[in-house]
file entry_9.csv (CSV, C-alpha atoms)
chain,number,residue,atom,x,y,z
S,15,MET,CA,22.4,8.1,9.5
S,16,ALA,CA,21.2,4.6,10.5
S,17,ILE,CA,17.7,3.5,9.5
S,18,LYS,CA,15.2,3.3,12.4
S,19,LEU,CA,12.0,2.6,10.6
S,20,VAL,CA,11.0,0.8,7.4
S,21,VAL,CA,7.5,1.5,6.1
S,22,PHE,CA,6.0,-1.2,3.8
S,23,ASP,CA,3.0,-1.1,1.6
S,24,MET,CA,0.4,-3.9,2.0
S,25,ALA,CA,-1.3,-5.4,-1.1
S,26,GLY,CA,1.2,-6.4,-3.8
S,27,THR,CA,4.2,-5.7,-1.5
S,28,THR,CA,3.7,-7.7,1.7
S,29,VAL,CA,0.3,-9.2,1.1
S,30,GLU,CA,-0.3,-11.5,-1.9
S,31,ASP,CA,-2.4,-9.9,-4.6
S,32,LYS,CA,-3.3,-11.7,-7.8
S,33,ASP,CA,-5.3,-8.8,-9.2
S,34,ASN,CA,-7.7,-9.0,-6.3
S,35,VAL,CA,-7.7,-5.3,-5.6
S,36,HIS,CA,-8.1,-4.5,-9.3
S,37,GLU,CA,-11.0,-7.0,-9.5
S,38,ALA,CA,-12.8,-5.5,-6.4
S,39,LEU,CA,-12.4,-2.0,-7.8
S,40,ILE,CA,-13.7,-3.0,-11.2
S,41,LYS,CA,-16.7,-4.7,-9.5
S,42,GLY,CA,-17.4,-1.6,-7.4
S,43,PHE,CA,-17.7,0.4,-10.6
S,44,GLU,CA,-19.7,-2.4,-12.3
S,45,LEU,CA,-22.3,-2.5,-9.5
S,46,ASN,CA,-22.9,1.2,-10.2
S,47,ASN,CA,-23.2,0.8,-14.0
S,48,TYR,CA,-19.7,2.0,-14.9
S,49,LYS,CA,-17.2,-0.2,-16.7
S,50,ILE,CA,-13.4,0.1,-16.2
S,51,ASN,CA,-10.7,-2.4,-17.1
S,52,ARG,CA,-7.5,-3.6,-15.4
S,53,GLU,CA,-5.4,-1.0,-17.0
S,54,ASP,CA,-7.6,1.7,-15.7
S,55,ALA,CA,-7.5,0.2,-12.2
S,56,ASN,CA,-3.7,-0.2,-12.3
S,57,GLY,CA,-3.3,3.5,-13.1
S,58,VAL,CA,-4.6,4.4,-9.7
S,59,MET,CA,-3.1,1.6,-7.6
S,60,GLY,CA,-1.6,2.7,-4.3
S,61,TYR,CA,-3.8,5.8,-4.1
S,62,PRO,CA,-6.4,6.2,-1.4
S,63,LYS,CA,-9.4,4.4,-2.9
S,64,PRO,CA,-11.9,7.3,-2.8
S,65,VAL,CA,-9.2,9.4,-4.6
S,66,ALA,CA,-8.7,6.6,-7.1
S,67,ILE,CA,-12.4,6.3,-7.7
S,68,ARG,CA,-12.8,10.1,-8.2
S,69,THR,CA,-9.8,10.2,-10.5
S,70,LEU,CA,-11.3,7.5,-12.7
S,71,LEU,CA,-14.7,9.1,-12.8
S,72,GLU,CA,-13.1,12.4,-13.9
S,73,GLN,CA,-10.6,11.0,-16.4
S,74,LYS,CA,-12.5,8.1,-17.9
S,75,PHE,CA,-16.1,9.3,-17.7
S,76,ASN,CA,-15.6,13.1,-17.6
S,77,LEU,CA,-17.7,13.4,-14.4
S,78,LYS,CA,-16.3,16.4,-12.6
S,79,GLU,CA,-19.2,17.7,-10.6
S,80,LYS,CA,-21.5,16.4,-7.9
S,81,THR,CA,-19.7,13.0,-7.8
S,82,GLY,CA,-19.4,12.8,-4.0
S,83,GLU,CA,-22.4,10.5,-3.5
S,84,LEU,CA,-21.3,8.3,-6.4
S,85,VAL,CA,-17.7,8.1,-5.1
S,86,ALA,CA,-19.0,7.1,-1.7
S,87,LYS,CA,-21.3,4.4,-3.2
S,88,ILE,CA,-18.6,2.9,-5.4
S,89,HIS,CA,-16.1,3.0,-2.5
S,90,ASN,CA,-18.6,1.3,-0.2
S,91,ASP,CA,-19.1,-1.5,-2.7
S,92,PHE,CA,-15.4,-1.8,-3.1
S,93,VAL,CA,-14.9,-2.1,0.6
S,94,ASN,CA,-17.5,-4.8,1.0
S,95,GLU,CA,-15.9,-6.8,-1.8
S,96,MET,CA,-12.5,-6.5,-0.2
S,97,ILE,CA,-13.6,-7.3,3.3
S,98,THR,CA,-15.4,-10.4,2.1
S,99,PHE,CA,-12.4,-11.5,0.1
S,100,TYR,CA,-9.8,-10.9,2.8
S,101,LYS,CA,-12.0,-12.6,5.4
S,102,ASN,CA,-12.9,-15.7,3.4
S,103,ASP,CA,-10.7,-16.4,0.4
S,104,PRO,CA,-8.2,-19.2,0.9
S,105,SER,CA,-5.6,-17.5,-1.3
S,106,VAL,CA,-5.0,-14.7,1.3
S,107,LYS,CA,-1.5,-14.9,2.6
S,108,SER,CA,1.7,-12.9,3.2
S,109,LYS,CA,4.0,-12.3,0.2
S,110,LYS,CA,7.1,-14.5,-0.1
S,111,ASN,CA,9.6,-13.6,2.7
S,112,ALA,CA,7.5,-10.7,4.1
S,113,GLU,CA,7.3,-12.1,7.6
S,114,GLU,CA,10.9,-13.2,7.5
S,115,THR,CA,11.9,-9.7,6.5
S,116,PHE,CA,9.8,-8.2,9.3
S,117,LYS,CA,11.5,-10.5,11.9
S,118,ALA,CA,15.0,-9.8,10.5
S,119,LEU,CA,14.5,-6.1,10.8
S,120,ARG,CA,13.0,-6.1,14.3
S,121,GLN,CA,15.9,-8.4,15.4
S,122,LYS,CA,18.2,-5.6,14.4
S,123,GLY,CA,16.3,-3.0,16.3
S,124,ILE,CA,14.6,-1.5,13.3
S,125,LYS,CA,10.9,-0.7,13.6
S,126,VAL,CA,8.5,-2.1,11.0
S,127,GLY,CA,5.6,0.0,9.8
S,128,ILE,CA,2.8,-0.7,7.3
S,129,ASP,CA,1.0,2.0,5.3
S,130,THR,CA,-1.7,1.4,2.8
S,131,GLY,CA,-4.2,3.1,0.4
S,132,PHE,CA,-6.9,0.9,2.1
S,133,SER,CA,-9.2,2.3,4.7
S,134,ARG,CA,-8.8,1.1,8.3
S,135,ASP,CA,-11.7,-1.4,8.1
S,136,ILE,CA,-10.0,-3.3,5.2
S,137,ALA,CA,-6.5,-3.1,6.7
S,138,ASP,CA,-7.7,-4.5,10.1
S,139,THR,CA,-9.5,-7.4,8.3
S,140,ILE,CA,-6.1,-8.3,6.7
S,141,PHE,CA,-4.2,-7.9,10.0
S,142,ASP,CA,-6.7,-10.2,11.7
S,143,ARG,CA,-6.5,-12.8,9.0
S,144,LEU,CA,-2.7,-12.8,8.9
S,145,LYS,CA,-2.2,-12.3,12.6
S,146,TRP,CA,0.7,-9.9,12.1
S,147,LYS,CA,-0.1,-7.9,15.2
S,148,GLU,CA,-0.9,-11.0,17.3
S,149,HIS,CA,2.5,-12.5,16.3
S,150,ASN,CA,4.3,-9.1,17.1
S,151,LEU,CA,5.6,-8.7,13.5
S,152,VAL,CA,4.8,-5.0,13.0
S,153,ASP,CA,5.2,-1.9,15.2
S,154,LEU,CA,2.7,0.4,13.7
S,155,THR,CA,0.1,0.8,10.9
S,156,VAL,CA,-1.2,3.8,9.1
S,157,THR,CA,-4.2,3.8,6.7
S,158,SER,CA,-5.1,6.4,4.1
S,159,ASP,CA,-8.3,7.5,5.9
S,160,GLU,CA,-6.2,8.5,9.0
S,161,VAL,CA,-4.4,11.4,7.3
S,162,ASN,CA,-5.3,14.4,5.3
S,163,ASN,CA,-3.7,13.2,2.1
S,164,GLY,CA,-2.8,9.7,1.0
S,165,ARG,CA,-0.2,8.7,-1.6
S,166,PRO,CA,1.6,10.1,-3.4
S,167,PHE,CA,1.7,12.7,-0.6
S,168,PRO,CA,4.0,12.0,2.4
S,169,ASP,CA,1.4,12.2,5.1
S,170,MET,CA,1.3,8.5,6.1
S,171,ILE,CA,5.0,8.4,6.4
S,172,TYR,CA,5.1,11.5,8.5
S,173,LYS,CA,2.4,10.1,10.8
S,174,ALA,CA,4.4,6.9,11.1
S,175,MET,CA,7.5,9.0,12.0
S,176,GLN,CA,5.5,10.9,14.6
S,177,ASP,CA,4.1,7.8,16.2
S,178,MET,CA,7.6,6.3,16.5
S,179,ASN,CA,9.2,9.7,17.6
S,180,ILE,CA,11.5,9.8,14.6
S,181,LYS,CA,12.6,13.3,13.8
S,182,THR,CA,14.2,13.0,10.3
S,183,ALA,CA,13.3,11.0,7.2
S,184,ASP,CA,17.0,10.2,6.8
S,185,GLU,CA,16.2,7.4,9.3
S,186,VAL,CA,13.3,6.0,7.3
S,187,ALA,CA,13.0,3.6,4.3
S,188,LYS,CA,9.9,3.2,2.2
S,189,VAL,CA,9.1,-0.1,0.3
S,190,GLY,CA,6.3,-0.6,-2.2
S,191,ASP,CA,5.2,-2.1,-5.5
S,192,THR,CA,3.6,0.9,-7.1
S,193,ILE,CA,4.7,4.2,-8.6
S,194,SER,CA,2.7,6.1,-6.0
S,195,ASP,CA,4.7,4.2,-3.3
S,196,LEU,CA,7.9,5.5,-4.8
S,197,GLN,CA,6.5,9.0,-5.1
S,198,GLU,CA,5.3,8.9,-1.4
S,199,GLY,CA,8.8,7.9,-0.2
S,200,THR,CA,10.5,10.5,-2.4
S,201,SER,CA,8.1,13.3,-1.3
S,202,ALA,CA,8.7,12.4,2.3
S,203,GLY,CA,12.5,12.6,1.8
S,204,CYS,CA,13.1,9.0,2.9
S,205,LYS,CA,16.8,7.9,2.8
S,206,TYR,CA,15.8,4.8,0.9
S,207,VAL,CA,13.0,4.5,-1.6
S,208,ILE,CA,12.7,0.8,-2.6
S,209,GLY,CA,10.5,-0.6,-5.2
S,210,ILE,CA,9.6,-4.3,-5.2
S,211,THR,CA,9.1,-5.8,-8.6
S,212,THR,CA,6.8,-8.7,-7.7
S,213,GLY,CA,3.6,-6.7,-7.3
S,214,ALA,CA,1.3,-4.5,-9.4
S,215,PHE,CA,4.2,-2.9,-11.5
S,216,THR,CA,7.0,-4.5,-13.3
S,217,ARG,CA,10.6,-3.5,-13.0
S,218,ALA,CA,10.4,-1.7,-16.4
S,219,ALA,CA,7.3,0.3,-15.2
S,220,LEU,CA,9.0,1.3,-11.9
S,221,GLU,CA,12.4,2.1,-13.3
S,222,PRO,CA,11.6,5.6,-14.7
S,223,GLU,CA,10.2,6.8,-11.3
S,224,LYS,CA,12.7,8.2,-8.8
S,225,HIS,CA,13.9,5.6,-6.3
S,226,THR,CA,17.1,4.4,-4.6
S,227,HIS,CA,16.7,0.6,-5.2
S,228,LEU,CA,14.6,-1.9,-7.0
S,229,VAL,CA,14.5,-5.4,-5.6
S,230,ASP,CA,13.1,-8.8,-6.6
S,231,ASP,CA,12.8,-10.2,-3.1
S,232,LEU,CA,11.8,-8.5,0.1
S,233,LEU,CA,14.7,-10.0,2.0
S,234,GLU,CA,17.0,-7.7,0.0
S,235,VAL,CA,15.6,-4.8,2.0
S,236,VAL,CA,17.3,-6.0,5.1
S,237,ASP,CA,20.8,-5.8,3.6
S,238,ILE,CA,20.0,-2.4,2.0
S,239,VAL,CA,18.8,-0.7,5.2
S,240,THR,CA,21.4,-2.2,7.5
S,241,SER,CA,24.4,-1.4,5.3
S,242,GLU,CA,25.4,1.6,7.4
S,243,ASN,CA,24.2,0.3,10.8
call {"tool": "encode", "arguments": {"input": "entry_9.csv", "output": "structure tokens"}}
result
Amino acid sequence: MAIKLVVFDMAGTTVEDKDNVHEALIKGFELNNYKINREDANGVMGYPKPVAIRTLLEQKFNLKEKTGELVAKIHNDFVNEMITFYKNDPSVKSKKNAEETFKALRQKGIKVGIDTGFSRDIADTIFDRLKWKEHNLVDLTVTSDEVNNGRPFPDMIYKAMQDMNIKTADEVAKVGDTISDLQEGTSAGCKYVIGITTGAFTRAALEPEKHTHLVDDLLEVVDIVTSEN
């Protein structure tokens, strides 16, 4: 069955990320007198950020009760750090060949979707900065706060399918740079689950997780998803 929709992750997949998300998460904890490191942050990359924060509080600090207010405070600080960064930092840009990949897919009649573990306010800051919507590069966007369950659950992909009136995941491909991206695509039943090796996780780290392809360049996605078209 031909692919009608490709759903891409944002940070690390289609948006350049030199540990900026990790640093903002670490800073959010630091501002609330908790210390985490890059390895801790990387372990929850791709998850909805409130879930990531709660997971770290439970696993690293053994805080399992009455953490709602603390999660909200850390998340608010993280969001503020991210919005300031994406609005102002000169390093913010699309990943290599991201926009070229979007254009190539849309020229072939394939819809381009973006899903993200970010909340809508951060995502829209990025879209405004990169002008993807203004330049008509993407067809739809879904953020983790718009569904009941973020990654690794399939809810964001299902919402994208609903928005595009796509009935079966055999017509969908998922592309991302984290283990939770691959888990999301697999749990949704996507025909192609494609890991990109130039983001948060190396090829060696992605390899054990279930997937259909691992690629080193986003443009490879075009050939993969159009192979049967």
call {"tool": "atom_distance", "arguments": {"input": "entry_9.csv", "atom1": "atom CA of Lys74 of chain S", "atom2": "atom CA of Asn47 of chain S"}}
result
13.5 Å
call {"tool": "closest_residue", "arguments": {"input": "entry_9.csv", "among": "S:Ser241, S:Asn90, S:Thr69, S:Thr27", "to": "Asp129 of chain S", "atoms": "only C-alpha atoms"}}
result
S:Thr27
call {"tool": "closest_residue", "arguments": {"input": "entry_9.csv", "among": "S:Ile140, S:Ile128, S:Val58, S:Val239", "to": "Ala174 of chain S", "atoms": "only C-alpha atoms"}}
result
S:Ile128
call {"tool": "atom_distance", "arguments": {"input": "entry_9.csv", "atom1": "atom CA of Asp169 of chain S", "atom2": "atom CA of Asn51 of chain S"}}
result
29.2 Å
call {"tool": "closest_atom_pairs", "arguments": {"input": "entry_9.csv", "of": "segment 103-186 of chain S", "to": "segment 205-213 of chain S", "cutoff": "10 Å", "atoms": "only C-alpha atoms", "output": "Markdown table"}}
result
| residue | atom | partner | partner_atom | distance |
| --- | --- | --- | --- | --- |
| S:Lys109 | CA | S:Thr212 | CA | 9.1 |
| S:Lys110 | CA | S:Thr212 | CA | 9.6 |
| S:Thr182 | CA | S:Lys205 | CA | 9.4 |
| S:Ala183 | CA | S:Lys205 | CA | 6.4 |
| S:Asp184 | CA | S:Lys205 | CA | 4.6 |
| S:Glu185 | CA | S:Lys205 | CA | 6.5 |
| S:Val186 | CA | S:Lys205 | CA | 6.0 |
call {"tool": "write_last_selection", "arguments": {"input": "entry_9.csv", "atoms": "C-alpha atoms", "output": "short mmCIF file (atom, residue, chain, number, x, y, z; two decimals), in the frame of the given file"}}
result
data_model
loop_
_atom_site.label_atom_id
_atom_site.label_comp_id
_atom_site.auth_asym_id
_atom_site.auth_seq_id
_atom_site.Cartn_x
_atom_site.Cartn_y
_atom_site.Cartn_z
CA LYS S 109 4.00 -12.30 0.20
CA LYS S 110 7.10 -14.50 -0.10
CA THR S 182 14.20 13.00 10.30
CA ALA S 183 13.30 11.00 7.20
CA ASP S 184 17.00 10.20 6.80
CA GLU S 185 16.20 7.40 9.30
CA VAL S 186 13.30 6.00 7.30
#
call {"tool": "residues_around", "arguments": {"input": "entry_9.csv", "residues": "Asp54 of chain S", "least_positions_apart": "6", "cutoff": "10 Å", "atoms": "only C-alpha atoms", "output": "list in words"}}
result
His36, Leu39, Ile40, Ala66, Leu70, Gln73 and Lys74 of chain S
